[in-house]
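One file, query33.csv, carrying CSV, C-alpha atoms and all ligand atoms:
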```csv
chain,number,residue,atom,x,y,z
A,1312,MET,CA,-5.8,-19.7,2.6
A,1313,ARG,CA,-4.7,-16.3,3.8
A,1314,ILE,CA,-7.7,-14.7,2.3
A,1315,ARG,CA,-10.3,-15.3,4.9
A,1316,ASN,CA,-12.8,-12.5,4.2
A,1317,SER,CA,-15.8,-14.1,2.6
A,1318,ARG,CA,-18.0,-11.0,2.7
A,1319,PHE,CA,-17.0,-10.2,-0.9
A,1320,SER,CA,-18.3,-12.0,-3.8
A,1321,PRO,CA,-15.6,-12.9,-6.4
A,1322,LYS,CA,-18.0,-11.7,-9.0
A,1323,SER,CA,-18.2,-8.2,-7.5
A,1324,ARG,CA,-16.9,-5.7,-10.0
A,1325,ASN,CA,-16.4,-3.1,-7.3
A,1326,PHE,CA,-14.2,-5.0,-4.9
A,1327,ALA,CA,-11.9,-2.0,-4.6
A,1328,PHE,CA,-14.8,0.1,-3.4
A,1329,VAL,CA,-16.5,-2.2,-1.0
A,1330,THR,CA,-13.5,-3.4,0.9
A,1331,SER,CA,-11.4,-1.5,3.3
A,1332,LEU,CA,-8.6,-4.1,3.3
A,1333,TYR,CA,-5.1,-3.4,2.2
A,1334,VAL,CA,-3.1,-5.5,-0.2
A,1335,ASP,CA,0.2,-6.6,1.3
A,1336,ILE,CA,2.0,-8.3,-1.6
A,1337,HIS,CA,4.8,-9.8,0.5
A,1338,THR,CA,4.7,-10.1,4.3
A,1339,HIS,CA,5.9,-12.2,7.2
A,1340,LYS,CA,3.0,-11.2,9.4
A,1341,ALA,CA,0.3,-13.6,10.5
A,1342,PRO,CA,-3.0,-13.4,8.5
A,1343,GLY,CA,-4.9,-10.3,9.4
A,1344,ASP,CA,-6.8,-7.4,8.0
A,1345,PHE,CA,-5.0,-7.5,4.6
A,1346,ILE,CA,-5.0,-9.5,1.4
A,1347,SER,CA,-1.9,-11.3,0.4
A,1348,PRO,CA,-1.3,-13.9,-2.3
A,1349,ARG,CA,-0.5,-17.5,-1.3
A,1350,THR,CA,2.8,-18.4,-2.9
A,1351,ALA,CA,5.1,-21.4,-3.3
A,1352,GLY,CA,8.6,-21.2,-4.7
A,1353,ILE,CA,12.3,-21.8,-4.2
A,1354,HIS,CA,14.0,-18.5,-3.2
A,1355,PRO,CA,17.3,-17.8,-5.1
A,1356,TRP,CA,19.2,-18.2,-1.8
A,1357,GLN,CA,17.9,-21.7,-1.6
A,1358,ALA,CA,18.5,-22.6,-5.2
A,1359,ALA,CA,20.1,-26.0,-5.8
A,1360,PRO,CA,20.2,-28.4,-8.7
A,1361,GLY,CA,16.8,-30.1,-8.9
A,1362,ALA,CA,15.3,-28.1,-6.1
A,1363,ALA,CA,12.4,-26.8,-8.2
A,1364,ALA,CA,11.1,-30.4,-8.7
A,1365,ALA,CA,9.7,-30.1,-5.2
A,1366,LEU,CA,7.1,-27.7,-6.5
A,1367,ARG,CA,5.5,-30.3,-8.7
A,1368,PRO,CA,2.6,-30.6,-8.3
A,1369,LEU,CA,2.0,-27.2,-6.9
A,1370,PRO,CA,0.2,-27.2,-3.5
A,1371,GLU,CA,-3.5,-26.7,-3.7
A,1372,GLY,CA,-4.6,-23.0,-3.5
A,1373,VAL,CA,-1.3,-21.5,-4.5
A,1374,GLN,CA,-2.0,-18.2,-6.3
A,1375,ALA,CA,1.5,-17.3,-7.4
A,1376,VAL,CA,5.0,-18.9,-7.9
A,1377,GLY,CA,7.3,-17.0,-5.6
A,1378,GLU,CA,9.5,-15.8,-4.2
A,1379,ILE,CA,11.7,-16.7,-7.2
A,1380,GLY,CA,14.4,-14.8,-9.0
A,1381,LEU,CA,18.0,-14.0,-9.0
A,1382,ASP,CA,20.3,-12.5,-6.4
A,1383,PHE,CA,23.8,-11.8,-7.7
A,1384,ALA,CA,24.8,-10.5,-4.3
A,1385,CYS,CA,24.5,-13.9,-2.6
A,1386,ALA,CA,26.9,-16.8,-2.6
A,1387,VAL,CA,24.7,-19.3,-4.6
A,1388,PRO,CA,26.4,-19.8,-8.1
A,1389,ARG,CA,24.6,-17.8,-10.8
A,1390,ALA,CA,24.2,-20.8,-13.1
A,1391,VAL,CA,22.4,-22.7,-10.3
A,1392,GLN,CA,20.1,-19.7,-9.6
A,1393,GLU,CA,19.4,-19.3,-13.3
A,1394,ALA,CA,18.5,-22.9,-13.8
A,1395,CYS,CA,16.2,-22.9,-10.7
A,1396,PHE,CA,14.6,-19.6,-11.8
A,1397,VAL,CA,13.9,-20.8,-15.4
A,1398,GLU,CA,12.4,-24.1,-14.2
A,1399,GLN,CA,10.0,-22.1,-11.9
A,1400,LEU,CA,9.1,-19.6,-14.6
A,1401,ALA,CA,8.3,-22.5,-16.9
A,1402,LEU,CA,6.1,-23.9,-14.2
A,1403,ALA,CA,4.3,-20.6,-13.7
A,1404,CYS,CA,3.7,-20.4,-17.4
A,1405,GLU,CA,2.3,-23.9,-17.5
A,1406,ALA,CA,0.0,-23.3,-14.5
A,1407,GLY,CA,-1.1,-19.9,-15.8
A,1408,LEU,CA,0.1,-18.3,-12.5
A,1409,PRO,CA,1.8,-15.0,-11.8
A,1410,VAL,CA,5.2,-14.8,-10.2
A,1411,VAL,CA,6.5,-12.8,-7.2
A,1412,LEU,CA,10.2,-11.9,-7.9
A,1413,HIS,CA,13.2,-11.4,-5.7
A,1414,CYS,CA,15.8,-9.5,-7.7
A,1415,VAL,CA,19.1,-8.1,-6.4
A,1416,ARG,CA,21.8,-6.8,-8.7
A,1417,ALA,CA,20.3,-9.0,-11.5
A,1418,PHE,CA,17.7,-6.8,-13.2
A,1419,GLU,CA,18.8,-7.4,-16.7
A,1420,ALA,CA,19.1,-11.1,-16.3
A,1421,VAL,CA,15.7,-11.3,-14.7
A,1422,MET,CA,14.1,-9.2,-17.5
A,1423,ARG,CA,15.7,-11.5,-20.1
A,1424,ARG,CA,14.3,-14.6,-18.4
A,1425,LEU,CA,10.8,-13.0,-18.1
A,1426,ALA,CA,10.9,-12.3,-21.8
A,1427,GLU,CA,11.8,-15.9,-22.5
A,1428,TYR,CA,9.1,-17.3,-20.2
A,1429,PRO,CA,6.4,-14.6,-19.9
A,1430,PRO,CA,4.2,-15.4,-16.9
A,1431,ARG,CA,0.6,-14.1,-16.6
A,1432,ALA,CA,2.0,-11.3,-14.4
A,1433,ALA,CA,5.3,-10.5,-12.7
A,1434,ILE,CA,5.6,-8.6,-9.5
A,1435,PHE,CA,9.1,-7.4,-8.4
A,1436,HIS,CA,8.8,-7.4,-4.6
A,1437,GLY,CA,10.9,-5.0,-2.5
A,1438,PHE,CA,11.9,-3.2,-5.7
A,1439,ILE,CA,15.2,-1.4,-5.1
A,1440,GLY,CA,16.2,-0.6,-8.7
A,1441,SER,CA,16.6,2.8,-10.5
A,1442,ALA,CA,13.9,4.9,-12.1
A,1443,GLU,CA,15.2,3.8,-15.5
A,1444,GLN,CA,14.8,0.1,-14.5
A,1445,ALA,CA,11.3,0.9,-13.1
A,1446,ARG,CA,10.4,2.4,-16.4
A,1447,GLN,CA,11.7,-0.6,-18.3
A,1448,ALA,CA,9.8,-3.0,-16.1
A,1449,VAL,CA,6.5,-1.0,-16.3
A,1450,ALA,CA,6.9,-0.8,-20.1
A,1451,ARG,CA,6.9,-4.6,-20.2
A,1452,GLY,CA,3.7,-4.7,-18.1
A,1453,HIS,CA,5.4,-5.8,-14.9
A,1454,TYR,CA,4.4,-4.7,-11.4
A,1455,LEU,CA,6.7,-3.2,-8.7
A,1456,SER,CA,6.1,-3.5,-5.0
A,1457,PHE,CA,7.7,-1.1,-2.5
A,1458,GLY,CA,8.2,-1.2,1.2
A,1459,GLU,CA,10.1,0.2,4.1
A,1460,ARG,CA,13.5,-0.1,2.5
A,1461,THR,CA,12.3,2.4,-0.2
A,1462,PHE,CA,12.4,5.3,2.3
A,1463,ALA,CA,16.1,5.0,3.0
A,1464,SER,CA,17.2,5.2,-0.7
A,1465,PRO,CA,16.7,8.4,-2.8
A,1466,ARG,CA,17.3,6.3,-5.9
A,1467,THR,CA,14.4,4.0,-5.0
A,1468,VAL,CA,12.1,6.9,-4.1
A,1469,GLU,CA,12.8,8.1,-7.7
A,1470,ALA,CA,11.8,4.7,-9.0
A,1471,LEU,CA,8.6,4.8,-6.9
A,1472,ARG,CA,7.7,8.2,-8.3
A,1473,THR,CA,8.2,6.8,-11.8
A,1474,THR,CA,5.9,3.9,-11.2
A,1475,PRO,CA,2.2,4.5,-12.2
A,1476,PRO,CA,-0.4,3.5,-9.6
A,1477,GLU,CA,-1.8,0.8,-11.9
A,1478,ARG,CA,1.5,-1.0,-11.7
A,1479,LEU,CA,2.2,-0.5,-8.0
A,1480,PHE,CA,2.0,-2.6,-4.9
A,1481,VAL,CA,3.0,-2.0,-1.3
A,1482,GLU,CA,4.4,-4.5,1.2
A,1483,THR,CA,5.6,-4.9,4.8
A,1484,ASP,CA,8.0,-7.8,4.2
A,1485,THR,CA,10.0,-8.0,7.5
A,1486,SER,CA,9.1,-4.5,8.7
A,1487,ALA,CA,7.2,-4.1,12.0
A,1488,ALA,CA,5.0,-1.3,10.8
A,1489,PRO,CA,1.5,-2.3,9.7
A,1490,ILE,CA,0.7,-2.2,6.0
A,1491,GLY,CA,-1.6,0.9,6.4
A,1492,THR,CA,1.4,2.8,7.7
A,1493,ILE,CA,3.6,1.7,4.8
A,1494,CYS,CA,0.8,2.5,2.3
A,1495,ALA,CA,0.4,6.0,3.8
A,1496,ARG,CA,4.1,6.8,3.6
A,1497,ILE,CA,4.3,5.5,0.0
A,1498,ALA,CA,1.3,7.5,-0.9
A,1499,ALA,CA,2.8,10.7,0.6
A,1500,LEU,CA,6.0,10.1,-1.5
A,1501,LYS,CA,3.9,9.9,-4.6
A,1502,GLY,CA,1.7,12.9,-3.7
A,1503,MET,CA,-1.4,10.7,-3.6
A,1504,ASP,CA,-3.9,10.2,-0.8
A,1505,THR,CA,-3.7,6.9,1.0
A,1506,GLU,CA,-7.1,5.7,0.1
A,1507,THR,CA,-6.5,6.3,-3.7
A,1508,LEU,CA,-3.3,4.3,-3.5
A,1509,ARG,CA,-5.0,1.6,-1.4
A,1510,ARG,CA,-7.8,1.2,-4.0
A,1511,ALA,CA,-5.3,1.1,-6.8
A,1512,THR,CA,-3.4,-1.8,-5.2
A,1513,VAL,CA,-6.7,-3.6,-4.6
A,1514,GLU,CA,-7.6,-3.1,-8.3
A,1515,ASN,CA,-4.2,-4.4,-9.3
A,1516,TYR,CA,-4.6,-7.4,-7.1
A,1517,GLU,CA,-8.0,-8.1,-8.6
A,1518,ARG,CA,-6.6,-7.8,-12.2
A,1519,ILE,CA,-3.8,-10.3,-11.4
A,1520,PHE,CA,-5.4,-12.7,-8.9
A,1521,GLY,CA,-9.1,-12.3,-9.7
A,1522,ASN,CA,-11.2,-15.0,-11.4
A,1523,GLY,CA,-12.9,-16.2,-8.2
A,1524,GLN,CA,-9.8,-16.3,-6.1
A,1525,LEU,CA,-11.0,-13.4,-3.9
A,1526,ALA,CA,-13.7,-15.6,-2.5
A,1601,ZN,ZN,12.9,-11.1,-1.4
```
Just give me the structure as structure tokens.
Amino acid sequence: MRIRNSRFSPKSRNFAFVTSLYVDIHTHKAPGDFISPRTAGIHPWQAAPGAAAALRPLPEGVQAVGEIGLDFACAVPRAVQEACFVEQLALACEAGLPVVLHCVRAFEAVMRRLAEYPPRAAIFHGFIGSAEQARQAVARGHYLSFGERTFASPRTVEALRTTPPERLFVETDTSAAPIGTICARIAALKGMDTETLRRATVENYERIFGNGQLA
């Protein structure tokens, strides 16, 4: 498990206020001073007929099905991606697990599939959509995660400003900067202090992944 910190009881109602850890919703860093969900999934770039069958049964300790989704900028045929995505959404629904989404130029198609197979929670990682898309996703109760790529795009900064803290996550993904630095920059763009944003992301994490999984 990537969550190693056993100081906090899963029954604690005040996790956000007793931990100083950050939540990093999607990272390629080695486990460290942050909380990150353990995921298993077939990325849309790896989608192939029957590929999702490898996820059954889900490995022990998996907290979310991900990264899954649709990427209409990549070469994998859309029908193959859609089939693989749907199969994994169905698995997440069956298992009562949240999903971590990869979505590139496929927002409407992803939203349609989420409506057909509503998982316990859906997190768009590395969100790069518009403010209008952010509003639509939040209206459906979905979560949006932002990282370093946000800073380069005025459109994504608008989307970030539209997203309320209770639906927000931050991530390092492939960036070299530590999660604390990313969190501080995201907070500044939202006009919040870093600690308030950090606590909001921990509370969001608890809401989605709680029920004893923070042990
Ligand atoms: Zn991705």
If we count all atoms listed in the file and set the cut-off at 8 Å, which residues sit around region 1412-1424 of chain A, ignoring sequence neighbours fewer than 3 positions away in its own chain? Please answer as a PyMOL selection string.
chain A and resi 1354-1355+1377-1384+1397+1427-1428+1433-1440+1444+1448
Please tell me which residues are no farther than 7 Å from (12.1, -28.0, -10.9) in the file, counting only C-alpha atoms, and write them as a PyMOL selection string.
chain A and resi 1361-1366+1395+1398-1399
Point out the residue among A:Val1513, A:Gln1374, A:Pro1475, A:Gly1458 with the least atom-to-atom distance to Ile1490 (chain A), counting only C-alpha atoms.
A:Gly1458
Between CA of Leu1508 (chain A) and CA of Ile1336 (chain A), measure the distance and give it in Å to one decimal.
13.8 Å
Point-to-point distance from CA of Val1391 (chain A) to CA of Pro1409 (chain A), Å rounded to tenths
22.0 Å
For CA of Glu1482 (chain A) and CA of Arg1509 (chain A), quote the distance in Å rounded to one decimal.
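Going from CA of Glu1482 (chain A) over to CA of Arg1509 (chain A), I get 11.5 Å.
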Pro1348 (chain A) environment, 8 Å, only C-alpha atoms, sequence neighbours closer than 2 positions dropped, as an MDAnalysis selection string
chainID A and resid 1313:1314 1336:1337 1346 1350 1373:1375 1520
Using all atoms listed in the file, collect all residues at a distance of at most 10 Å from (7.4, -8.7, 9.4) as written in the file, then present them as a ChimeraX atom specification.
/A:1337-1341,1482-1490
For Pro1430 (chain A), please output as a list in words all residues within 9 Å (counting all atoms listed in the file; exclusion window: fewer than 2 positions along the same chain).
Leu1400, Ala1401, Ala1403, Cys1404, Glu1405, Gly1407, Leu1408, Pro1409, Val1410, Leu1425, Ala1426, Tyr1428, Ala1432 and Ala1433 of chain A
Restricting to all atoms listed in the file, whichever of A:Val1411, A:Val1449, A:Ala1511, A:Leu1471 is closest to ligand ZN 1601 (chain A) is A:Val1411
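Candidate residues A:Leu1500, A:Phe1457, A:Arg1518, A:Cys1494 were compared for distance to Tyr1333 (chain A), and the nearest is A:Cys1494, using all atoms listed in the file.
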